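Shown here: structure_27.pdb, PDB, C-alpha atoms.
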```pdb
ATOM      1  CA  MET A   1       8.107 -14.998 -12.511
ATOM      2  CA  LEU A   2       9.277 -16.449  -9.257
ATOM      3  CA  ASN A   3      12.158 -14.000  -8.880
ATOM      4  CA  THR A   4       9.512 -11.491  -7.882
ATOM      5  CA  LEU A   5       7.111 -12.350  -5.105
ATOM      6  CA  LYS A   6       4.152 -10.256  -6.150
ATOM      7  CA  ILE A   7       1.543 -10.860  -3.533
ATOM      8  CA  ALA A   8       0.258  -7.350  -4.012
ATOM      9  CA  LEU A   9      -3.471  -7.610  -4.143
ATOM     10  CA  ALA A  10      -3.736  -5.943  -7.524
ATOM     11  CA  ALA A  11      -6.891  -7.710  -8.560
ATOM     12  CA  SER A  12      -8.593  -7.080  -5.273
ATOM     13  CA  ALA A  13      -7.018  -3.826  -4.148
ATOM     14  CA  VAL A  14      -9.459  -1.004  -3.652
ATOM     15  CA  ALA A  15      -8.504   2.478  -4.739
ATOM     16  CA  PHE A  16      -9.802   4.599  -1.922
ATOM     17  CA  GLY A  17     -10.286   8.329  -2.323
ATOM     18  CA  ALA A  18     -10.017  11.035   0.278
ATOM     19  CA  MET A  19     -11.108   9.832   3.686
ATOM     20  CA  GLY A  20     -14.113  11.550   5.177
ATOM     21  CA  VAL A  21     -16.396  10.969   8.097
ATOM     22  CA  ALA A  22     -18.244   7.714   8.638
ATOM     23  CA  GLN A  23     -21.130   6.919   6.331
ATOM     24  CA  ALA A  24     -24.208   9.010   6.876
ATOM     25  CA  ASP A  25     -26.074   6.258   8.725
ATOM     26  CA  GLY A  26     -22.968   5.702  10.892
ATOM     27  CA  HIS A  27     -24.812   3.219  13.090
ATOM     28  CA  LYS A  28     -23.310   0.296  14.881
ATOM     29  CA  LYS A  29     -22.803  -2.811  12.760
ATOM     30  CA  VAL A  30     -21.520  -5.189  15.452
ATOM     31  CA  ASP A  31     -22.043  -5.092  19.226
ATOM     32  CA  THR A  32     -18.739  -6.644  20.275
ATOM     33  CA  ILE A  33     -15.643  -8.219  18.740
ATOM     34  CA  LYS A  34     -13.020 -10.285  20.535
ATOM     35  CA  PHE A  35      -9.817 -10.012  18.535
ATOM     36  CA  LEU A  36      -7.668 -13.140  18.775
ATOM     37  CA  ILE A  37      -3.994 -12.416  18.027
ATOM     38  CA  PRO A  38      -1.799 -15.468  17.240
ATOM     39  CA  GLY A  39       1.448 -13.803  18.406
ATOM     40  CA  GLY A  40       2.886 -11.586  21.091
ATOM     41  CA  ALA A  41       2.505  -7.867  21.679
ATOM     42  CA  GLY A  42       4.201  -5.425  19.348
ATOM     43  CA  GLY A  43       4.069  -7.488  16.161
ATOM     44  CA  GLY A  44       2.192  -6.951  12.924
ATOM     45  CA  TRP A  45      -0.781  -9.089  13.937
ATOM     46  CA  ASP A  46      -1.053  -7.242  17.236
ATOM     47  CA  GLY A  47      -0.855  -3.831  15.573
ATOM     48  CA  THR A  48      -3.380  -4.788  12.917
ATOM     49  CA  ALA A  49      -5.949  -6.114  15.383
ATOM     50  CA  ARG A  50      -5.600  -3.206  17.792
ATOM     51  CA  GLY A  51      -5.517  -0.591  15.031
ATOM     52  CA  THR A  52      -8.592  -2.071  13.380
ATOM     53  CA  GLY A  53     -10.384  -2.278  16.726
ATOM     54  CA  GLU A  54      -9.457   1.341  17.448
ATOM     55  CA  ALA A  55     -10.930   2.555  14.155
ATOM     56  CA  LEU A  56     -14.066   0.423  14.450
ATOM     57  CA  THR A  57     -14.896   1.516  17.991
ATOM     58  CA  LYS A  58     -13.972   5.198  17.603
ATOM     59  CA  SER A  59     -16.157   5.434  14.501
ATOM     60  CA  GLY A  60     -19.066   3.736  16.279
ATOM     61  CA  LEU A  61     -19.205   0.813  13.879
ATOM     62  CA  VAL A  62     -18.458  -1.625  16.720
ATOM     63  CA  GLY A  63     -19.659  -1.141  20.272
ATOM     64  CA  ASN A  64     -16.788  -2.820  22.108
ATOM     65  CA  ALA A  65     -13.511  -4.530  21.201
ATOM     66  CA  THR A  66     -11.286  -6.734  23.354
ATOM     67  CA  TYR A  67      -7.947  -8.360  22.537
ATOM     68  CA  GLU A  68      -6.239 -11.611  23.439
ATOM     69  CA  ASN A  69      -2.656 -12.490  22.499
ATOM     70  CA  MET A  70      -2.213 -16.254  22.131
ATOM     71  CA  SER A  71       1.281 -17.249  21.007
ATOM     72  CA  GLY A  72       2.375 -20.774  20.238
ATOM     73  CA  GLY A  73       2.916 -23.218  17.428
ATOM     74  CA  GLY A  74       3.700 -20.572  14.830
ATOM     75  CA  GLY A  75       0.109 -19.358  15.120
ATOM     76  CA  GLY A  76      -1.312 -22.862  15.351
ATOM     77  CA  LYS A  77      -2.391 -22.516  18.986
ATOM     78  CA  ALA A  78      -4.739 -19.633  18.171
ATOM     79  CA  ILE A  79      -6.132 -21.421  15.115
ATOM     80  CA  ALA A  80      -6.845 -24.552  17.167
ATOM     81  CA  HIS A  81      -8.460 -22.377  19.858
ATOM     82  CA  ILE A  82     -10.909 -20.602  17.541
ATOM     83  CA  ILE A  83     -11.829 -23.931  15.939
ATOM     84  CA  GLU A  84     -12.401 -25.566  19.321
ATOM     85  CA  THR A  85     -14.357 -22.734  20.941
ATOM     86  CA  ASN A  86     -16.334 -21.834  17.806
ATOM     87  CA  ASP A  87     -16.996 -18.397  19.335
ATOM     88  CA  GLN A  88     -19.221 -16.304  17.070
ATOM     89  CA  ASP A  89     -17.904 -13.067  18.577
ATOM     90  CA  THR A  90     -14.219 -13.794  17.869
ATOM     91  CA  LEU A  91     -12.247 -12.589  14.884
ATOM     92  CA  MET A  92      -8.705 -13.908  14.478
ATOM     93  CA  VAL A  93      -6.201 -11.741  12.662
ATOM     94  CA  ASN A  94      -3.785 -13.466  10.343
ATOM     95  CA  SER A  95      -1.735 -12.883   7.218
ATOM     96  CA  THR A  96       0.479 -14.561   4.651
ATOM     97  CA  PRO A  97       1.952 -16.947   7.280
ATOM     98  CA  ILE A  98      -1.321 -18.886   7.505
ATOM     99  CA  VAL A  99      -0.621 -19.971   3.927
ATOM    100  CA  ILE A 100       3.125 -20.508   4.432
ATOM    101  CA  ARG A 101       2.792 -22.491   7.646
ATOM    102  CA  SER A 102       0.140 -24.745   6.198
ATOM    103  CA  LEU A 103       2.410 -25.471   3.232
ATOM    104  CA  THR A 104       5.342 -26.296   5.528
ATOM    105  CA  LYS A 105       3.127 -28.389   7.855
ATOM    106  CA  VAL A 106       3.942 -26.235  10.901
ATOM    107  CA  PHE A 107       0.314 -26.871  11.776
ATOM    108  CA  PRO A 108      -2.210 -29.204  10.174
ATOM    109  CA  GLN A 109      -4.999 -26.661   9.655
ATOM    110  CA  SER A 110      -5.343 -24.123   6.864
ATOM    111  CA  PHE A 111      -7.605 -21.191   6.063
ATOM    112  CA  ARG A 112     -10.116 -23.773   4.796
ATOM    113  CA  ASP A 113     -10.759 -24.839   8.399
ATOM    114  CA  LEU A 114     -11.929 -21.314   9.307
ATOM    115  CA  THR A 115     -14.443 -18.792   7.973
ATOM    116  CA  PRO A 116     -12.504 -16.259   5.873
ATOM    117  CA  ILE A 117     -13.983 -12.800   6.454
ATOM    118  CA  ALA A 118     -11.810 -10.292   4.582
ATOM    119  CA  GLY A 119      -8.331  -9.215   3.671
ATOM    120  CA  THR A 120      -8.080  -5.639   4.940
ATOM    121  CA  ILE A 121      -4.563  -4.193   4.676
ATOM    122  CA  GLY A 122      -1.208  -4.723   3.062
ATOM    123  CA  ASP A 123       2.150  -4.152   4.734
ATOM    124  CA  TYR A 124       5.382  -4.140   2.785
ATOM    125  CA  GLY A 125       8.441  -5.993   3.998
ATOM    126  CA  ALA A 126      11.554  -4.115   5.099
ATOM    127  CA  MET A 127      15.196  -4.784   5.907
ATOM    128  CA  VAL A 128      16.156  -2.923   9.066
ATOM    129  CA  VAL A 129      19.322  -2.375  11.148
ATOM    130  CA  ASN A 130      20.087  -0.752  14.492
ATOM    131  CA  LYS A 131      20.776   3.002  14.471
ATOM    132  CA  ASP A 132      24.384   2.309  15.546
ATOM    133  CA  SER A 133      25.032  -0.267  12.831
ATOM    134  CA  THR A 134      27.952   0.302  10.488
ATOM    135  CA  LEU A 135      25.633  -0.886   7.721
ATOM    136  CA  ASN A 136      24.166   2.275   6.227
ATOM    137  CA  SER A 137      22.661   0.886   3.045
ATOM    138  CA  PHE A 138      21.259  -2.315   1.639
ATOM    139  CA  GLY A 139      24.446  -2.543  -0.432
ATOM    140  CA  ASP A 140      26.475  -2.563   2.786
ATOM    141  CA  LEU A 141      24.325  -5.394   4.114
ATOM    142  CA  VAL A 142      24.789  -7.483   0.954
ATOM    143  CA  ALA A 143      28.558  -6.866   0.993
ATOM    144  CA  ALA A 144      28.812  -7.999   4.629
ATOM    145  CA  TYR A 145      26.639 -11.019   3.849
ATOM    146  CA  ASN A 146      28.720 -12.034   0.851
ATOM    147  CA  ALA A 147      31.921 -11.637   2.882
ATOM    148  CA  ASP A 148      30.698 -13.913   5.693
ATOM    149  CA  SER A 149      27.025 -14.816   5.909
ATOM    150  CA  THR A 150      27.562 -16.579   9.255
ATOM    151  CA  ASN A 151      28.425 -13.194  10.779
ATOM    152  CA  VAL A 152      25.207 -11.543   9.577
ATOM    153  CA  ALA A 153      22.397 -12.924  11.716
ATOM    154  CA  VAL A 154      19.019 -11.804  10.353
ATOM    155  CA  GLY A 155      16.068 -11.982  12.722
ATOM    156  CA  GLY A 156      12.355 -12.013  12.138
ATOM    157  CA  GLY A 157       9.068 -12.421  13.937
ATOM    158  CA  SER A 158       8.172 -15.691  12.234
ATOM    159  CA  VAL A 159       9.367 -19.272  12.454
ATOM    160  CA  ALA A 160      12.279 -20.552  10.377
ATOM    161  CA  GLY A 161      10.974 -20.951   6.837
ATOM    162  CA  GLY A 162       8.196 -18.481   7.636
ATOM    163  CA  MET A 163       7.349 -15.141   6.079
ATOM    164  CA  ASP A 164      10.148 -12.965   7.492
ATOM    165  CA  HIS A 165      12.667 -15.678   6.625
ATOM    166  CA  LEU A 166      11.170 -15.769   3.142
ATOM    167  CA  ILE A 167      11.513 -11.984   2.793
ATOM    168  CA  ALA A 168      15.179 -12.097   3.855
ATOM    169  CA  ALA A 169      15.918 -14.942   1.445
ATOM    170  CA  LEU A 170      14.048 -13.226  -1.385
ATOM    171  CA  VAL A 171      15.874  -9.889  -1.131
ATOM    172  CA  MET A 172      19.248 -11.633  -0.901
ATOM    173  CA  LYS A 173      18.477 -13.902  -3.846
ATOM    174  CA  ASN A 174      17.415 -10.961  -6.005
ATOM    175  CA  ALA A 175      20.601  -9.115  -4.989
ATOM    176  CA  GLY A 176      22.622 -11.981  -6.434
ATOM    177  CA  ALA A 177      23.551 -13.562  -3.093
ATOM    178  CA  ASP A 178      23.069 -17.189  -2.009
ATOM    179  CA  ALA A 179      19.654 -17.119  -0.318
ATOM    180  CA  THR A 180      20.156 -20.546   1.245
ATOM    181  CA  LYS A 181      22.917 -19.169   3.496
ATOM    182  CA  VAL A 182      20.718 -16.719   5.414
ATOM    183  CA  LYS A 183      21.468 -17.166   9.140
ATOM    184  CA  TYR A 184      17.911 -16.644  10.312
ATOM    185  CA  ILE A 185      17.002 -16.148  13.989
ATOM    186  CA  PRO A 186      13.265 -16.616  14.713
ATOM    187  CA  TYR A 187      11.434 -14.640  17.420
ATOM    188  CA  ASP A 188       7.899 -14.806  18.782
ATOM    189  CA  ALA A 189       6.350 -11.954  16.797
ATOM    190  CA  GLY A 190       7.790  -8.704  15.545
ATOM    191  CA  GLY A 191       8.029  -6.930  18.899
ATOM    192  CA  LYS A 192      10.525  -9.418  20.309
ATOM    193  CA  ALA A 193      12.408  -9.490  17.005
ATOM    194  CA  MET A 194      12.752  -5.704  17.111
ATOM    195  CA  ALA A 195      13.991  -5.940  20.717
ATOM    196  CA  GLY A 196      16.606  -8.427  19.525
ATOM    197  CA  LEU A 197      17.775  -5.927  16.908
ATOM    198  CA  LEU A 198      17.921  -3.038  19.385
ATOM    199  CA  SER A 199      19.877  -5.133  21.897
ATOM    200  CA  GLY A 200      22.420  -6.264  19.304
ATOM    201  CA  GLU A 201      21.435  -9.943  19.269
ATOM    202  CA  ILE A 202      21.036  -9.752  15.493
ATOM    203  CA  LYS A 203      22.635  -7.561  12.840
ATOM    204  CA  ALA A 204      19.566  -7.081  10.668
ATOM    205  CA  LEU A 205      15.837  -7.594  10.829
ATOM    206  CA  ALA A 206      13.356  -8.686   8.175
ATOM    207  CA  THR A 207      10.004  -7.284   9.245
ATOM    208  CA  GLY A 208       6.918  -5.381   8.171
ATOM    209  CA  PHE A 209       7.491  -1.784   7.120
ATOM    210  CA  GLY A 210       4.658  -0.757   9.442
ATOM    211  CA  GLU A 211       6.430  -2.380  12.400
ATOM    212  CA  ALA A 212       9.624  -0.380  11.806
ATOM    213  CA  ILE A 213       8.412   3.001  10.619
ATOM    214  CA  GLU A 214       7.786   4.654  14.009
ATOM    215  CA  LEU A 215      11.170   3.617  15.430
ATOM    216  CA  ALA A 216      12.789   4.857  12.216
ATOM    217  CA  ARG A 217      11.054   8.207  12.669
ATOM    218  CA  GLN A 218      12.458   8.320  16.202
ATOM    219  CA  GLY A 219      15.963   7.572  14.911
ATOM    220  CA  GLU A 220      16.216   4.229  16.722
ATOM    221  CA  VAL A 221      16.596   2.093  13.576
ATOM    222  CA  LYS A 222      17.575   2.501   9.935
ATOM    223  CA  ILE A 223      15.325   1.018   7.253
ATOM    224  CA  LEU A 224      17.650  -0.053   4.443
ATOM    225  CA  CYS A 225      14.942  -0.831   1.900
ATOM    226  CA  VAL A 226      11.246  -1.559   1.530
ATOM    227  CA  THR A 227       9.731  -4.268  -0.699
ATOM    228  CA  SER A 228       7.314  -1.920  -2.472
ATOM    229  CA  GLU A 229       7.333  -1.177  -6.187
ATOM    230  CA  ALA A 230       7.508   2.567  -5.501
ATOM    231  CA  ARG A 231       8.649   4.527  -2.468
ATOM    232  CA  VAL A 232       6.090   4.721   0.326
ATOM    233  CA  ALA A 233       4.744   8.221   1.006
ATOM    234  CA  ALA A 234       4.784   7.648   4.769
ATOM    235  CA  MET A 235       8.618   7.623   4.618
ATOM    236  CA  ASP A 236       9.747   8.374   1.094
ATOM    237  CA  THR A 237      13.435   8.667   2.025
ATOM    238  CA  VAL A 238      13.598   4.865   2.192
ATOM    239  CA  PRO A 239      14.553   3.304  -1.168
ATOM    240  CA  THR A 240      12.724   0.329  -2.578
ATOM    241  CA  CYS A 241      14.687  -2.911  -2.423
ATOM    242  CA  ASP A 242      14.681  -2.916  -6.220
ATOM    243  CA  GLU A 243      16.306   0.532  -6.222
ATOM    244  CA  ALA A 244      18.788  -0.621  -3.595
ATOM    245  CA  GLY A 245      19.977  -3.579  -5.661
ATOM    246  CA  SER A 246      17.522  -6.421  -5.007
ATOM    247  CA  LYS A 247      16.282  -6.465  -8.565
ATOM    248  CA  GLY A 248      12.630  -7.163  -9.191
ATOM    249  CA  THR A 249      11.735  -7.558  -5.520
ATOM    250  CA  SER A 250       8.114  -6.750  -4.764
ATOM    251  CA  PHE A 251       6.246  -8.087  -1.752
ATOM    252  CA  VAL A 252       3.093  -7.092   0.095
ATOM    253  CA  ASN A 253       1.990  -9.093   3.112
ATOM    254  CA  TRP A 254      -1.787  -9.026   3.359
ATOM    255  CA  ARG A 255      -3.429  -9.025   6.753
ATOM    256  CA  GLY A 256      -7.043  -9.855   7.400
ATOM    257  CA  PHE A 257      -9.560 -11.610   9.588
ATOM    258  CA  PHE A 258     -11.094 -15.039  10.035
ATOM    259  CA  GLY A 259     -14.094 -16.211  12.015
ATOM    260  CA  ALA A 260     -14.829 -19.545  13.651
ATOM    261  CA  PRO A 261     -15.623 -22.449  11.293
ATOM    262  CA  GLY A 262     -19.275 -22.485  12.332
ATOM    263  CA  LEU A 263     -19.845 -18.764  11.871
ATOM    264  CA  SER A 264     -23.363 -17.939  10.733
ATOM    265  CA  ASP A 265     -23.959 -16.169   7.416
ATOM    266  CA  GLU A 266     -25.658 -13.353   9.316
ATOM    267  CA  LYS A 267     -22.679 -12.774  11.600
ATOM    268  CA  LYS A 268     -20.254 -12.966   8.696
ATOM    269  CA  ALA A 269     -22.231 -10.327   6.821
ATOM    270  CA  GLU A 270     -22.148  -8.040   9.879
ATOM    271  CA  TYR A 271     -18.367  -8.309  10.169
ATOM    272  CA  ILE A 272     -17.869  -7.655   6.460
ATOM    273  CA  ALA A 273     -20.175  -4.617   6.560
ATOM    274  CA  ALA A 274     -18.322  -3.112   9.533
ATOM    275  CA  LEU A 275     -14.893  -3.607   7.959
ATOM    276  CA  LYS A 276     -16.001  -2.271   4.575
ATOM    277  CA  GLU A 277     -17.525   0.878   6.055
ATOM    278  CA  MET A 278     -14.467   1.431   8.263
ATOM    279  CA  TYR A 279     -12.436   2.577   5.239
ATOM    280  CA  SER A 280     -14.517   5.735   4.834
ATOM    281  CA  THR A 281     -13.754   7.018   8.347
ATOM    282  CA  ASP A 282     -11.150   9.515   9.501
ATOM    283  CA  ASP A 283     -10.408   7.141  12.370
ATOM    284  CA  TRP A 284      -9.196   4.493   9.946
ATOM    285  CA  ALA A 285      -7.205   7.012   7.888
ATOM    286  CA  ALA A 286      -5.298   7.999  11.033
ATOM    287  CA  VAL A 287      -4.490   4.375  11.907
ATOM    288  CA  ARG A 288      -3.527   3.455   8.348
ATOM    289  CA  ASP A 289      -1.241   6.440   7.773
ATOM    290  CA  ARG A 290       0.395   6.053  11.182
ATOM    291  CA  ASN A 291       1.443   2.538  10.218
ATOM    292  CA  GLY A 292       2.263   3.033   6.554
ATOM    293  CA  TRP A 293      -0.295   0.394   5.509
ATOM    294  CA  VAL A 294      -1.881  -0.100   2.096
ATOM    295  CA  ASP A 295      -5.685  -0.160   1.853
ATOM    296  CA  ILE A 296      -7.094  -3.377   0.418
ATOM    297  CA  PHE A 297     -10.435  -5.059   0.738
ATOM    298  CA  ASN A 298     -11.412  -8.468  -0.573
ATOM    299  CA  ALA A 299     -14.158 -10.205   1.331
ATOM    300  CA  ASP A 300     -15.831 -13.600   1.514
ATOM    301  CA  ALA A 301     -15.533 -15.555  -1.777
ATOM    302  CA  ASP A 302     -13.070 -13.042  -3.256
ATOM    303  CA  PHE A 303     -10.848 -13.503  -0.209
ATOM    304  CA  VAL A 304     -10.969 -17.294  -0.572
ATOM    305  CA  ASN A 305     -10.064 -17.058  -4.266
ATOM    306  CA  PHE A 306      -7.115 -14.841  -3.430
ATOM    307  CA  LEU A 307      -5.893 -17.218  -0.711
ATOM    308  CA  GLU A 308      -6.030 -20.166  -3.091
ATOM    309  CA  GLY A 309      -4.014 -18.245  -5.677
ATOM    310  CA  GLN A 310      -1.452 -17.174  -3.111
ATOM    311  CA  GLU A 311      -1.098 -20.744  -1.874
ATOM    312  CA  GLU A 312      -0.097 -21.855  -5.370
ATOM    313  CA  GLN A 313       2.242 -18.904  -5.941
ATOM    314  CA  ILE A 314       4.052 -19.070  -2.609
ATOM    315  CA  GLY A 315       4.388 -22.834  -2.843
ATOM    316  CA  GLY A 316       6.257 -22.425  -6.122
ATOM    317  CA  LEU A 317       8.584 -19.793  -4.717
ATOM    318  CA  MET A 318       9.304 -21.772  -1.551
ATOM    319  CA  LYS A 319      10.284 -24.779  -3.653
ATOM    320  CA  GLU A 320      12.607 -22.577  -5.692
ATOM    321  CA  LEU A 321      14.258 -21.241  -2.547
ATOM    322  CA  GLY A 322      14.553 -24.700  -0.994
ATOM    323  CA  PHE A 323      11.998 -24.187   1.792
ATOM    324  CA  LEU A 324       9.776 -27.028   0.551
TER     325      LEU A 324
END
```
Spit out the file's structure as structure tokens when you get a sec.
Amino acid sequence: MLNTLKIALAASAVAFGAMGVAQADGHKKVDTIKFLIPGGAGGGWDGTARGTGEALTKSGLVGNATYENMSGGGGGKAIAHIIETNDQDTLMVNSTPIVIRSLTKVFPQSFRDLTPIAGTIGDYGAMVVNKDSTLNSFGDLVAAYNADSTNVAVGGGSVAGGMDHLIAALVMKNAGADATKVKYIPYDAGGKAMAGLLSGEIKALATGFGEAIELARQGEVKILCVTSEARVAAMDTVPTCDEAGSKGTSFVNWRGFFGAPGLSDEKKAEYIAALKEMYSTDDWAAVRDRNGWVDIFNADADFVNFLEGQEEQIGGLMKELGFL
């Protein structure tokens, strides 16, 4: 049903057991990876690329990792760059927005113009307010929104009609509010959106749970609800949005990696092997738990099949919410 955006990777999620040391052979799978990040510092893409690079290099699976932030065009600038350069050593991080922004024609390319490598993590959505906000619960937020939606600016690190906007509209719709009235303020990636919340430019923030959890631990923000089906162990005091009154809401934003369109089969296999083996390392467990991420792994053809299914599902929801 479209009242519940279930992009949880149930069919492709991997149930990982206790994390141990790297596999016995533990040898290097890839010499070097250049991570291309389609947004600014501090956002979910940035954290995913740098966290993945940290785990891969610390575990010895990758010899060296570098990072380049390339904002612009809702992620389109980075996509055009990797297509143009066709660099075999570059992996671009992306997530649900590559599907959304292709559907809304923010950029002409889609995942079909790249080499899908693997979906690697899931990050739940969250509704967040400043620590000094008078809104202390998701119910408070809905009440303020229903009283005067123009006075409740909700920010996000994606373009208007993009993923964070979609999350905000979804939770309001499932709480019985008019989702079309969301006063959405777009920022260039999650870091700038969080800065806007902390400075008081916006009253609430729709973002990834992993992007908010550390500031919540520090007492700088309040997470009103998380779009998981059950409370997240990394911060189990936060209610699910369903518990908080947004009935049936369930959303997991996948994040994963894409290579250049001309990537060789050999290079693709090396990247997939490194990412797959990464899950069995303590280095990855530390990164994952620090960020409150969900382990997933669907590579190559399985990843493509998932992306095609998500494209159909999200397209239907976006039409229902008036975004298409």
Practice task
Find the spatial neighbours of Ile33 (chain A), counting all atoms listed in the file, within a cut-off of 12 Å - ignore same-chain residues fewer than 5 positions away - and output them as a VMD selection string.
Solution key: chain A and resid 49 to 50 52 to 54 56 to 57 61 to 68 87 to 93 257 to 259 267 270 to 271 274 to 275
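Candidate residues A:Asp295, A:Lys58, A:Ala204, A:Gly122 were compared for distance to His27 (chain A), and the nearest is A:Lys58, using only C-alpha atoms.
Nearest to Ser264 (chain A) of all the residues A:Ala212, A:Ile117, A:Val171, A:Ala80 is A:Ile117, counting all atoms listed in the file.
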How big is the axis-aligned box, and where does its centre sit, when it encloses all atoms of region 108-118 of chain A listed in the file and has 8 Å added on every side, reported in Å to one decimal as lines of an AutoDock Vina configuration file?
```
center_x = -8.3
center_y = -19.7
center_z = 7.4
size_x = 28.2
size_y = 34.9
size_z = 21.6
```
Practice task
Could you list the residues chosen by the PyMOL selection byres ((chain A and resi 244) around 10) in this structure as a VMD selection string?
Solution key: chain A and resid 137 to 139 175 224 to 226 238 to 243 245 to 247
Exercise for the section: Report as a ChimeraX atom specification the residues that result from applying the PyMOL selection byres ((chain A and resi 302) around 12) to the structure here. Expected result: /A:9,11-13,116-119,296-301,303-309
Practice task
Please write as number ranges by chain the full residue list that the PyMOL selection byres ((chain A and resi 293) around 12) yields on this file.
Solution key: A: 44, 47-48, 51-52, 120-125, 208-213, 228, 232-235, 252-255, 284-292, 294-296
